[in-house]
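K.L.:
upload_35.txt is reproduced below (compact mmCIF, N, CA and C atoms).
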```
# COMPACT_ATOMS: atom_id res chain seq x y z
N MET A 46 16.54 22.91 -2.02
CA MET A 46 16.00 23.61 -0.87
C MET A 46 17.16 24.08 -0.01
N THR A 47 17.14 25.33 0.37
CA THR A 47 18.15 25.85 1.29
C THR A 47 17.50 26.08 2.63
N GLY A 48 18.20 25.72 3.68
CA GLY A 48 17.62 25.82 5.01
C GLY A 48 16.68 24.67 5.29
N THR A 49 16.14 24.65 6.49
CA THR A 49 15.25 23.58 6.90
C THR A 49 13.89 24.17 7.21
N LEU A 50 12.86 23.53 6.69
CA LEU A 50 11.50 23.92 7.05
C LEU A 50 11.08 23.10 8.26
N GLU A 51 10.67 23.78 9.31
CA GLU A 51 10.26 23.09 10.53
C GLU A 51 8.92 23.65 10.98
N PHE A 52 8.04 22.75 11.40
CA PHE A 52 6.70 23.10 11.82
C PHE A 52 6.52 22.63 13.26
N HIS A 53 5.98 23.49 14.09
CA HIS A 53 5.78 23.14 15.50
C HIS A 53 4.29 23.08 15.80
N GLY A 54 3.87 21.95 16.35
CA GLY A 54 2.48 21.76 16.71
C GLY A 54 2.39 20.95 17.97
N ARG A 55 1.38 20.10 18.04
CA ARG A 55 1.18 19.25 19.21
C ARG A 55 1.21 17.80 18.77
N GLY A 56 2.08 17.04 19.38
CA GLY A 56 2.12 15.61 19.11
C GLY A 56 1.00 14.93 19.86
N ILE A 57 0.22 14.10 19.15
CA ILE A 57 -0.86 13.38 19.84
C ILE A 57 -0.65 11.88 19.83
N VAL A 58 0.23 11.39 18.96
CA VAL A 58 0.63 9.99 19.00
C VAL A 58 2.16 9.99 18.91
N PRO A 59 2.82 9.35 19.88
CA PRO A 59 4.28 9.40 19.90
C PRO A 59 4.92 8.55 18.80
N GLY A 60 6.18 8.82 18.60
CA GLY A 60 6.97 8.09 17.62
C GLY A 60 7.58 9.05 16.62
N VAL A 61 8.61 8.56 15.95
CA VAL A 61 9.30 9.37 14.93
C VAL A 61 9.40 8.54 13.67
N VAL A 62 9.07 9.15 12.54
CA VAL A 62 9.15 8.47 11.26
C VAL A 62 9.61 9.45 10.19
N GLU A 63 10.34 8.93 9.21
CA GLU A 63 10.72 9.71 8.04
C GLU A 63 10.14 9.01 6.82
N ALA A 64 9.41 9.77 6.00
CA ALA A 64 8.78 9.21 4.81
C ALA A 64 8.40 10.33 3.86
N GLU A 65 7.99 9.92 2.67
CA GLU A 65 7.54 10.86 1.65
C GLU A 65 6.17 11.42 2.03
N ALA A 66 5.98 12.72 1.79
CA ALA A 66 4.72 13.38 2.09
C ALA A 66 3.71 13.18 0.97
N LEU A 67 2.45 13.04 1.35
CA LEU A 67 1.32 13.06 0.44
C LEU A 67 0.38 14.13 0.98
N VAL A 68 0.22 15.22 0.23
CA VAL A 68 -0.49 16.40 0.71
C VAL A 68 -1.79 16.59 -0.04
N THR A 69 -2.84 16.93 0.72
CA THR A 69 -4.11 17.32 0.12
C THR A 69 -4.67 18.52 0.88
N SER A 70 -5.31 19.40 0.16
CA SER A 70 -5.97 20.55 0.79
C SER A 70 -7.40 20.23 1.18
N GLU A 71 -7.82 18.99 0.92
CA GLU A 71 -9.19 18.57 1.21
C GLU A 71 -9.22 17.62 2.41
N THR A 72 -10.27 17.74 3.23
CA THR A 72 -10.47 16.79 4.32
C THR A 72 -10.69 15.40 3.73
N ILE A 73 -10.50 14.39 4.56
CA ILE A 73 -10.63 13.01 4.09
C ILE A 73 -11.71 12.29 4.88
N SER A 74 -12.54 11.55 4.15
CA SER A 74 -13.58 10.73 4.76
C SER A 74 -13.04 9.31 4.94
N GLY A 75 -13.17 8.77 6.14
CA GLY A 75 -12.74 7.39 6.37
C GLY A 75 -13.77 6.42 5.83
N PHE A 76 -15.00 6.54 6.30
CA PHE A 76 -16.08 5.66 5.87
C PHE A 76 -16.49 6.01 4.45
N GLY A 77 -16.20 5.11 3.52
CA GLY A 77 -16.56 5.35 2.13
C GLY A 77 -15.56 6.19 1.36
N GLY A 78 -14.55 6.71 2.02
CA GLY A 78 -13.58 7.57 1.35
C GLY A 78 -12.24 6.91 1.09
N ILE A 79 -12.00 5.78 1.78
CA ILE A 79 -10.73 5.08 1.59
C ILE A 79 -10.99 3.58 1.41
N ASP A 80 -10.11 2.96 0.65
CA ASP A 80 -10.14 1.50 0.50
C ASP A 80 -9.08 0.96 1.45
N VAL A 81 -9.50 0.33 2.53
CA VAL A 81 -8.56 -0.13 3.55
C VAL A 81 -7.66 -1.25 3.05
N ALA A 82 -8.12 -2.03 2.10
CA ALA A 82 -7.33 -3.15 1.59
C ALA A 82 -6.13 -2.69 0.76
N THR A 83 -6.28 -1.54 0.11
CA THR A 83 -5.20 -1.04 -0.75
C THR A 83 -4.56 0.24 -0.25
N GLY A 84 -5.14 0.87 0.78
CA GLY A 84 -4.62 2.14 1.27
C GLY A 84 -4.77 3.24 0.24
N THR A 85 -5.91 3.27 -0.42
CA THR A 85 -6.14 4.21 -1.51
C THR A 85 -7.36 5.09 -1.22
N VAL A 86 -7.29 6.35 -1.60
CA VAL A 86 -8.43 7.25 -1.50
C VAL A 86 -9.40 6.90 -2.63
N ILE A 87 -10.63 6.59 -2.26
CA ILE A 87 -11.63 6.22 -3.27
C ILE A 87 -12.83 7.16 -3.26
N GLU A 88 -12.72 8.24 -2.54
CA GLU A 88 -13.81 9.21 -2.46
C GLU A 88 -13.93 9.94 -3.81
N PRO A 89 -15.08 9.80 -4.47
CA PRO A 89 -15.25 10.47 -5.76
C PRO A 89 -15.06 11.98 -5.61
N ARG A 90 -14.45 12.58 -6.59
CA ARG A 90 -14.20 14.02 -6.67
C ARG A 90 -13.14 14.51 -5.69
N HIS A 91 -12.51 13.63 -4.92
CA HIS A 91 -11.41 14.05 -4.04
C HIS A 91 -10.16 14.22 -4.88
N GLU A 92 -9.35 15.23 -4.58
CA GLU A 92 -8.15 15.48 -5.38
C GLU A 92 -7.14 14.33 -5.32
N LEU A 93 -7.25 13.46 -4.32
CA LEU A 93 -6.36 12.29 -4.22
C LEU A 93 -7.04 11.01 -4.70
N PHE A 94 -8.16 11.12 -5.38
CA PHE A 94 -8.87 9.92 -5.83
C PHE A 94 -7.91 9.00 -6.59
N GLY A 95 -7.85 7.73 -6.14
CA GLY A 95 -7.00 6.74 -6.78
C GLY A 95 -5.56 6.74 -6.31
N VAL A 96 -5.21 7.61 -5.38
CA VAL A 96 -3.83 7.72 -4.90
C VAL A 96 -3.66 6.89 -3.62
N CYS A 97 -2.57 6.16 -3.55
CA CYS A 97 -2.27 5.31 -2.39
C CYS A 97 -1.50 6.10 -1.33
N PHE A 98 -1.96 6.00 -0.09
CA PHE A 98 -1.29 6.68 1.02
C PHE A 98 -0.43 5.75 1.87
N THR A 99 -0.39 4.47 1.56
CA THR A 99 0.37 3.50 2.35
C THR A 99 1.83 3.92 2.47
N GLY A 100 2.32 3.98 3.70
CA GLY A 100 3.72 4.30 3.95
C GLY A 100 4.09 5.75 3.75
N LYS A 101 3.12 6.62 3.51
CA LYS A 101 3.38 8.05 3.29
C LYS A 101 2.98 8.84 4.53
N VAL A 102 3.53 10.04 4.64
CA VAL A 102 3.08 10.98 5.66
C VAL A 102 1.89 11.71 5.06
N LEU A 103 0.72 11.44 5.58
CA LEU A 103 -0.50 12.04 5.05
C LEU A 103 -0.69 13.41 5.71
N VAL A 104 -0.58 14.46 4.89
CA VAL A 104 -0.70 15.85 5.35
C VAL A 104 -2.03 16.37 4.82
N PHE A 105 -2.95 16.71 5.73
CA PHE A 105 -4.31 17.07 5.31
C PHE A 105 -4.96 17.95 6.36
N PRO A 106 -6.04 18.67 5.98
CA PRO A 106 -6.67 19.57 6.94
C PRO A 106 -7.31 18.87 8.13
N GLY A 107 -7.89 17.68 7.91
CA GLY A 107 -8.55 16.96 8.99
C GLY A 107 -9.52 15.93 8.46
N ALA A 108 -10.26 15.35 9.38
CA ALA A 108 -11.20 14.28 9.06
C ALA A 108 -12.58 14.87 8.79
N LYS A 109 -13.33 14.17 7.94
CA LYS A 109 -14.74 14.51 7.77
C LYS A 109 -15.54 13.23 7.79
N GLY A 110 -16.82 13.38 8.04
CA GLY A 110 -17.69 12.22 8.04
C GLY A 110 -18.02 11.74 9.43
N SER A 111 -18.32 10.47 9.51
CA SER A 111 -18.84 9.88 10.74
C SER A 111 -17.74 9.38 11.66
N SER A 112 -18.17 8.83 12.77
CA SER A 112 -17.22 8.26 13.73
C SER A 112 -16.56 7.00 13.19
N GLY A 113 -17.01 6.50 12.05
CA GLY A 113 -16.39 5.34 11.40
C GLY A 113 -14.99 5.63 10.90
N TRP A 114 -14.60 6.91 10.85
CA TRP A 114 -13.28 7.32 10.38
C TRP A 114 -12.19 6.54 11.10
N SER A 115 -12.28 6.48 12.41
CA SER A 115 -11.23 5.81 13.19
C SER A 115 -11.18 4.31 12.90
N GLY A 116 -12.33 3.68 12.77
CA GLY A 116 -12.36 2.25 12.49
C GLY A 116 -11.75 1.90 11.15
N PHE A 117 -12.00 2.74 10.16
CA PHE A 117 -11.44 2.47 8.84
C PHE A 117 -9.92 2.64 8.84
N PHE A 118 -9.42 3.70 9.50
CA PHE A 118 -7.97 3.86 9.54
C PHE A 118 -7.31 2.81 10.43
N GLN A 119 -7.99 2.35 11.48
CA GLN A 119 -7.44 1.24 12.26
C GLN A 119 -7.31 0.00 11.38
N SER A 120 -8.28 -0.22 10.51
CA SER A 120 -8.21 -1.37 9.60
C SER A 120 -6.99 -1.28 8.68
N THR A 121 -6.60 -0.07 8.28
CA THR A 121 -5.39 0.05 7.45
C THR A 121 -4.16 -0.41 8.22
N ARG A 122 -4.15 -0.15 9.53
CA ARG A 122 -3.02 -0.63 10.35
C ARG A 122 -3.02 -2.16 10.38
N LEU A 123 -4.18 -2.74 10.59
CA LEU A 123 -4.29 -4.19 10.69
C LEU A 123 -3.94 -4.88 9.37
N LEU A 124 -4.23 -4.22 8.25
CA LEU A 124 -3.98 -4.80 6.93
C LEU A 124 -2.61 -4.41 6.35
N GLY A 125 -1.88 -3.57 7.07
CA GLY A 125 -0.56 -3.15 6.58
C GLY A 125 -0.61 -2.10 5.48
N THR A 126 -1.71 -1.36 5.40
CA THR A 126 -1.86 -0.34 4.36
C THR A 126 -1.93 1.07 4.93
N ALA A 127 -1.58 1.25 6.18
CA ALA A 127 -1.71 2.54 6.85
C ALA A 127 -0.67 3.55 6.35
N PRO A 128 -0.98 4.82 6.52
CA PRO A 128 0.04 5.85 6.29
C PRO A 128 1.17 5.67 7.32
N ALA A 129 2.32 6.27 7.04
CA ALA A 129 3.44 6.23 7.99
C ALA A 129 3.20 7.18 9.15
N ALA A 130 2.49 8.28 8.88
CA ALA A 130 2.21 9.30 9.90
C ALA A 130 1.08 10.18 9.41
N PHE A 131 0.47 10.89 10.37
CA PHE A 131 -0.54 11.90 10.07
C PHE A 131 -0.01 13.26 10.48
N VAL A 132 -0.26 14.26 9.64
CA VAL A 132 -0.06 15.66 10.00
C VAL A 132 -1.34 16.36 9.57
N PHE A 133 -2.11 16.88 10.53
CA PHE A 133 -3.34 17.55 10.16
C PHE A 133 -3.55 18.81 10.98
N ASN A 134 -4.40 19.68 10.44
CA ASN A 134 -4.58 21.01 11.03
C ASN A 134 -5.63 21.05 12.13
N VAL A 135 -6.79 20.48 11.88
CA VAL A 135 -7.93 20.65 12.77
C VAL A 135 -8.16 19.39 13.60
N MET A 136 -8.07 19.56 14.90
CA MET A 136 -8.28 18.44 15.83
C MET A 136 -9.77 18.23 16.04
N THR A 137 -10.21 17.00 15.76
CA THR A 137 -11.56 16.59 16.08
C THR A 137 -11.45 15.26 16.82
N THR A 138 -12.51 14.85 17.47
CA THR A 138 -12.46 13.58 18.18
C THR A 138 -12.24 12.42 17.23
N LYS A 139 -12.86 12.46 16.04
CA LYS A 139 -12.69 11.35 15.09
C LYS A 139 -11.26 11.28 14.58
N ALA A 140 -10.62 12.43 14.31
CA ALA A 140 -9.24 12.44 13.83
C ALA A 140 -8.28 11.99 14.93
N ALA A 141 -8.51 12.47 16.15
CA ALA A 141 -7.65 12.07 17.27
C ALA A 141 -7.76 10.57 17.53
N LEU A 142 -8.96 10.05 17.60
CA LEU A 142 -9.15 8.63 17.83
C LEU A 142 -8.58 7.81 16.67
N GLY A 143 -8.77 8.29 15.44
CA GLY A 143 -8.20 7.61 14.28
C GLY A 143 -6.69 7.51 14.36
N ALA A 144 -6.04 8.58 14.76
CA ALA A 144 -4.58 8.57 14.90
C ALA A 144 -4.15 7.59 16.00
N ILE A 145 -4.86 7.61 17.10
CA ILE A 145 -4.50 6.74 18.23
C ILE A 145 -4.64 5.27 17.87
N VAL A 146 -5.75 4.89 17.26
CA VAL A 146 -5.95 3.47 16.95
C VAL A 146 -5.11 3.01 15.76
N THR A 147 -4.71 3.95 14.90
CA THR A 147 -3.82 3.60 13.79
C THR A 147 -2.39 3.43 14.29
N ARG A 148 -2.09 4.07 15.43
CA ARG A 148 -0.78 3.95 16.10
C ARG A 148 0.37 4.44 15.25
N ILE A 149 0.16 5.59 14.59
CA ILE A 149 1.22 6.18 13.79
C ILE A 149 1.54 7.56 14.35
N PRO A 150 2.81 7.99 14.27
CA PRO A 150 3.15 9.32 14.78
C PRO A 150 2.24 10.38 14.16
N THR A 151 1.75 11.27 15.03
CA THR A 151 0.79 12.28 14.56
C THR A 151 1.08 13.62 15.21
N VAL A 152 1.08 14.65 14.37
CA VAL A 152 1.23 16.03 14.83
C VAL A 152 0.03 16.82 14.30
N VAL A 153 -0.55 17.63 15.17
CA VAL A 153 -1.73 18.41 14.82
C VAL A 153 -1.48 19.89 15.13
N GLY A 154 -2.12 20.75 14.34
CA GLY A 154 -2.09 22.18 14.62
C GLY A 154 -0.74 22.82 14.46
N ALA A 155 0.07 22.33 13.54
CA ALA A 155 1.42 22.86 13.37
C ALA A 155 1.40 24.21 12.66
N ALA A 156 2.40 25.02 12.99
CA ALA A 156 2.58 26.31 12.33
C ALA A 156 4.02 26.43 11.87
N PRO A 157 4.26 27.01 10.70
CA PRO A 157 3.24 27.50 9.77
C PRO A 157 2.42 26.35 9.20
N ASP A 158 1.38 26.68 8.45
CA ASP A 158 0.44 25.69 7.94
C ASP A 158 1.14 24.65 7.06
N PRO A 159 1.21 23.39 7.51
CA PRO A 159 1.89 22.37 6.71
C PRO A 159 1.16 22.03 5.41
N VAL A 160 -0.15 22.14 5.39
CA VAL A 160 -0.92 21.79 4.18
C VAL A 160 -0.56 22.72 3.02
N SER A 161 -0.31 23.99 3.32
CA SER A 161 0.00 24.93 2.25
C SER A 161 1.50 25.06 1.99
N THR A 162 2.33 24.44 2.82
CA THR A 162 3.78 24.59 2.70
C THR A 162 4.49 23.32 2.26
N ILE A 163 4.13 22.18 2.85
CA ILE A 163 4.75 20.90 2.48
C ILE A 163 4.20 20.50 1.12
N ARG A 164 5.04 19.90 0.29
CA ARG A 164 4.64 19.46 -1.04
C ARG A 164 4.65 17.94 -1.11
N THR A 165 3.73 17.39 -1.89
CA THR A 165 3.75 15.95 -2.15
C THR A 165 5.11 15.58 -2.71
N GLY A 166 5.72 14.53 -2.16
CA GLY A 166 7.03 14.09 -2.58
C GLY A 166 8.16 14.57 -1.70
N ASP A 167 7.91 15.59 -0.85
CA ASP A 167 8.94 16.02 0.10
C ASP A 167 9.25 14.88 1.06
N LEU A 168 10.50 14.74 1.45
CA LEU A 168 10.87 13.81 2.51
C LEU A 168 10.71 14.55 3.82
N VAL A 169 9.86 14.03 4.70
CA VAL A 169 9.59 14.71 5.97
C VAL A 169 9.82 13.78 7.15
N ARG A 170 10.16 14.39 8.27
CA ARG A 170 10.25 13.67 9.54
C ARG A 170 9.12 14.17 10.43
N VAL A 171 8.35 13.23 10.95
CA VAL A 171 7.28 13.55 11.88
C VAL A 171 7.71 13.04 13.25
N ASP A 172 7.82 13.95 14.19
CA ASP A 172 8.21 13.62 15.56
C ASP A 172 6.99 13.85 16.45
N GLY A 173 6.25 12.78 16.66
CA GLY A 173 5.05 12.86 17.49
C GLY A 173 5.36 13.03 18.97
N ASP A 174 6.60 12.74 19.37
CA ASP A 174 7.00 12.93 20.77
C ASP A 174 7.11 14.42 21.09
N ARG A 175 7.68 15.18 20.15
CA ARG A 175 7.95 16.61 20.39
C ARG A 175 6.99 17.53 19.65
N GLY A 176 6.15 16.98 18.76
CA GLY A 176 5.21 17.81 18.01
C GLY A 176 5.88 18.63 16.92
N ILE A 177 6.92 18.03 16.29
CA ILE A 177 7.68 18.75 15.26
C ILE A 177 7.64 17.97 13.95
N VAL A 178 7.41 18.70 12.86
CA VAL A 178 7.45 18.15 11.52
C VAL A 178 8.57 18.91 10.79
N THR A 179 9.47 18.17 10.16
CA THR A 179 10.61 18.78 9.47
C THR A 179 10.65 18.30 8.03
N VAL A 180 10.76 19.23 7.10
CA VAL A 180 10.99 18.87 5.70
C VAL A 180 12.48 18.67 5.55
N LEU A 181 12.89 17.44 5.22
CA LEU A 181 14.30 17.09 5.10
C LEU A 181 14.84 17.38 3.71
N SER A 182 14.04 17.14 2.69
CA SER A 182 14.45 17.44 1.32
C SER A 182 13.24 17.55 0.43
N ARG A 183 13.43 18.29 -0.65
CA ARG A 183 12.36 18.49 -1.64
C ARG A 183 12.69 17.68 -2.86
```
For the structure just supplied, provide its representation as structure tokens.

P.N.:
Amino acid sequence: MTGTLEFHGRGIVPGVVEAEALVTSETISGFGGIDVATGTVIEPRHELFGVCFTGKVLVFPGAKGSSGWSGFFQSTRLLGTAPAAFVFNVMTTKAALGAIVTRIPTVVGAAPDPVSTIRTGDLVRVDGDRGIVTVLSR
């Protein structure tokens, strides 16, 4: 990779983390869509079915489903299976609350679109203080 890819959005949970990206073009369901004990997507027919998000920067369009989304992601924090950070496009109350209770750096609404630009396996820095996501290496 030549040059640096940088995305500017809005930080909603402070903190800075560097970790490997896990990208999906599909929204994620918390209730019934993730296994909190293993940090794995278990939603049938989801493109990340069976993939573990623990310690990764989860890059996704947003949350779907019920208000249980936040409770399930909070449980991943309590069990040590949470993602390292969230980067998502569409702000909803369930996604915002989920990010806050999970207590991981979160950037929302970044441009250019991180879901279509960041690749799974990229090393990224999420700066929830400044609302900046940077691809460090591919």

K.L.:
Give me, as a Markdown table, each residue of segment 73-155 of chain A that comes within 6.5 Å of segment 166-183 of chain A, together with its shortest interatomic pair and the distance in Å at one decimal, counting all atoms listed in the file, with rows ordered by chain and rising residue number.

P.N.:
```
| residue | atom | partner | partner_atom | distance |
| --- | --- | --- | --- | --- |
| A:Pro150 | CA | A:Gly173 | CA | 4.8 |
| A:Thr151 | N | A:Gly173 | CA | 4.4 |
| A:Val152 | N | A:Gly173 | CA | 5.4 |
| A:Val153 | N | A:Gly176 | CA | 6.4 |
```

K.L.:
If DSSP is run on the backbone, what residues of segment 122-165 of chain A are helix (DSSP H, G or I)? A reply as a ChimeraX atom specification would be ideal.

P.N.:
/A:122-124,138-147,159-162

K.L.:
Given the point (-12.2, 11.9, 15.3) in the coordinates of this file, which residues lie within 12 Å, counting only C-alpha atoms, and how would they look as number ranges by chain?

P.N.:
A: 73-76, 107-118, 133, 135-147

K.L.:
Please identify all polymer residues within 10 Å of Thr99 of chain A, counting only C-alpha atoms, omitting same-chain residues fewer than 6 positions from it, and present them as a list in words.

P.N.:
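Close residues of Thr99 of chain A: Leu67, Val81, Thr83, Gly84, Thr85, Thr121, Arg122, Gly125, Thr126, Ala127, Pro128, Ala129 and Ala130 of chain A.
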
K.L.:
Calculated over all atoms listed in the file, which of the candidates A:Val132, A:Leu123, A:Leu50, A:Val104 has the smallest distance to Val68 of chain A?

P.N.:
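For Val68 of chain A, the nearest of the given residues is A:Val104.
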
K.L.:
Pick from A:Phe105, A:Glu63, A:Ile79, A:Glu71: nearest to Glu92 of chain A, with only N, CA and C atoms counted?

P.N.:
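Answer, going by the shortest atom-to-atom distance: A:Glu71.
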
K.L.:
I'd like to know which of A:Ala155, A:Ile149, A:Val160, A:Val102 is closest to Gly54 of chain A, using only N, CA and C atoms.

P.N.:
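Comparing A:Ala155, A:Ile149, A:Val160, A:Val102 against Gly54 of chain A, the winner is A:Ala155.
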
K.L.:
Do you know which residues lie at most 9 Å from (-19.9, 5.6, -0.4), with coordinates as in the file and only C-alpha atoms counted, and could you write them as an MDAnalysis selection string?

P.N.:
chainID A and resid 76:78 87:89

K.L.:
Report, in Å with one decimal, the straight-line distance from atom CA of Ser70 of chain A to atom CA of Leu124 of chain A.

P.N.:
26.2 Å

K.L.:
Since fewer atoms than expected are present, regenerate N, CA, C and O atoms for segment 82-94 of chain A and write them as a PDB file, in the frame of the given file.

P.N.:
```pdb
ATOM      1  N   ALA A  82      -8.120  -2.030   2.100  1.00  0.00           N
ATOM      2  CA  ALA A  82      -7.330  -3.150   1.590  1.00  0.00           C
ATOM      3  C   ALA A  82      -6.130  -2.690   0.760  1.00  0.00           C
ATOM      4  O   ALA A  82      -5.101  -3.353   0.735  1.00  0.00           O
ATOM      5  N   THR A  83      -6.280  -1.540   0.110  1.00  0.00           N
ATOM      6  CA  THR A  83      -5.200  -1.040  -0.750  1.00  0.00           C
ATOM      7  C   THR A  83      -4.560   0.240  -0.250  1.00  0.00           C
ATOM      8  O   THR A  83      -3.549   0.678  -0.796  1.00  0.00           O
ATOM      9  N   GLY A  84      -5.140   0.870   0.780  1.00  0.00           N
ATOM     10  CA  GLY A  84      -4.620   2.140   1.270  1.00  0.00           C
ATOM     11  C   GLY A  84      -4.770   3.240   0.240  1.00  0.00           C
ATOM     12  O   GLY A  84      -3.880   4.079   0.075  1.00  0.00           O
ATOM     13  N   THR A  85      -5.910   3.270  -0.420  1.00  0.00           N
ATOM     14  CA  THR A  85      -6.140   4.210  -1.510  1.00  0.00           C
ATOM     15  C   THR A  85      -7.360   5.090  -1.220  1.00  0.00           C
ATOM     16  O   THR A  85      -8.354   4.606  -0.672  1.00  0.00           O
ATOM     17  N   VAL A  86      -7.290   6.350  -1.600  1.00  0.00           N
ATOM     18  CA  VAL A  86      -8.430   7.250  -1.500  1.00  0.00           C
ATOM     19  C   VAL A  86      -9.400   6.900  -2.630  1.00  0.00           C
ATOM     20  O   VAL A  86      -9.013   6.887  -3.798  1.00  0.00           O
ATOM     21  N   ILE A  87     -10.630   6.590  -2.260  1.00  0.00           N
ATOM     22  CA  ILE A  87     -11.630   6.220  -3.270  1.00  0.00           C
ATOM     23  C   ILE A  87     -12.830   7.160  -3.260  1.00  0.00           C
ATOM     24  O   ILE A  87     -13.824   6.915  -3.941  1.00  0.00           O
ATOM     25  N   GLU A  88     -12.720   8.240  -2.540  1.00  0.00           N
ATOM     26  CA  GLU A  88     -13.810   9.210  -2.460  1.00  0.00           C
ATOM     27  C   GLU A  88     -13.930   9.940  -3.810  1.00  0.00           C
ATOM     28  O   GLU A  88     -12.985  10.601  -4.233  1.00  0.00           O
ATOM     29  N   PRO A  89     -15.080   9.800  -4.470  1.00  0.00           N
ATOM     30  CA  PRO A  89     -15.250  10.470  -5.760  1.00  0.00           C
ATOM     31  C   PRO A  89     -15.060  11.980  -5.610  1.00  0.00           C
ATOM     32  O   PRO A  89     -15.413  12.575  -4.605  1.00  0.00           O
ATOM     33  N   ARG A  90     -14.450  12.580  -6.590  1.00  0.00           N
ATOM     34  CA  ARG A  90     -14.200  14.020  -6.670  1.00  0.00           C
ATOM     35  C   ARG A  90     -13.140  14.510  -5.690  1.00  0.00           C
ATOM     36  O   ARG A  90     -12.899  15.701  -5.595  1.00  0.00           O
ATOM     37  N   HIS A  91     -12.510  13.630  -4.920  1.00  0.00           N
ATOM     38  CA  HIS A  91     -11.410  14.050  -4.040  1.00  0.00           C
ATOM     39  C   HIS A  91     -10.160  14.220  -4.880  1.00  0.00           C
ATOM     40  O   HIS A  91      -9.914  13.450  -5.815  1.00  0.00           O
ATOM     41  N   GLU A  92      -9.350  15.230  -4.580  1.00  0.00           N
ATOM     42  CA  GLU A  92      -8.150  15.480  -5.380  1.00  0.00           C
ATOM     43  C   GLU A  92      -7.140  14.330  -5.320  1.00  0.00           C
ATOM     44  O   GLU A  92      -6.288  14.208  -6.202  1.00  0.00           O
ATOM     45  N   LEU A  93      -7.250  13.460  -4.320  1.00  0.00           N
ATOM     46  CA  LEU A  93      -6.360  12.290  -4.220  1.00  0.00           C
ATOM     47  C   LEU A  93      -7.040  11.010  -4.700  1.00  0.00           C
ATOM     48  O   LEU A  93      -6.529   9.917  -4.433  1.00  0.00           O
ATOM     49  N   PHE A  94      -8.160  11.120  -5.380  1.00  0.00           N
ATOM     50  CA  PHE A  94      -8.870   9.920  -5.830  1.00  0.00           C
ATOM     51  C   PHE A  94      -7.910   9.000  -6.590  1.00  0.00           C
ATOM     52  O   PHE A  94      -7.224   9.411  -7.518  1.00  0.00           O
TER      53      PHE A  94
END
```
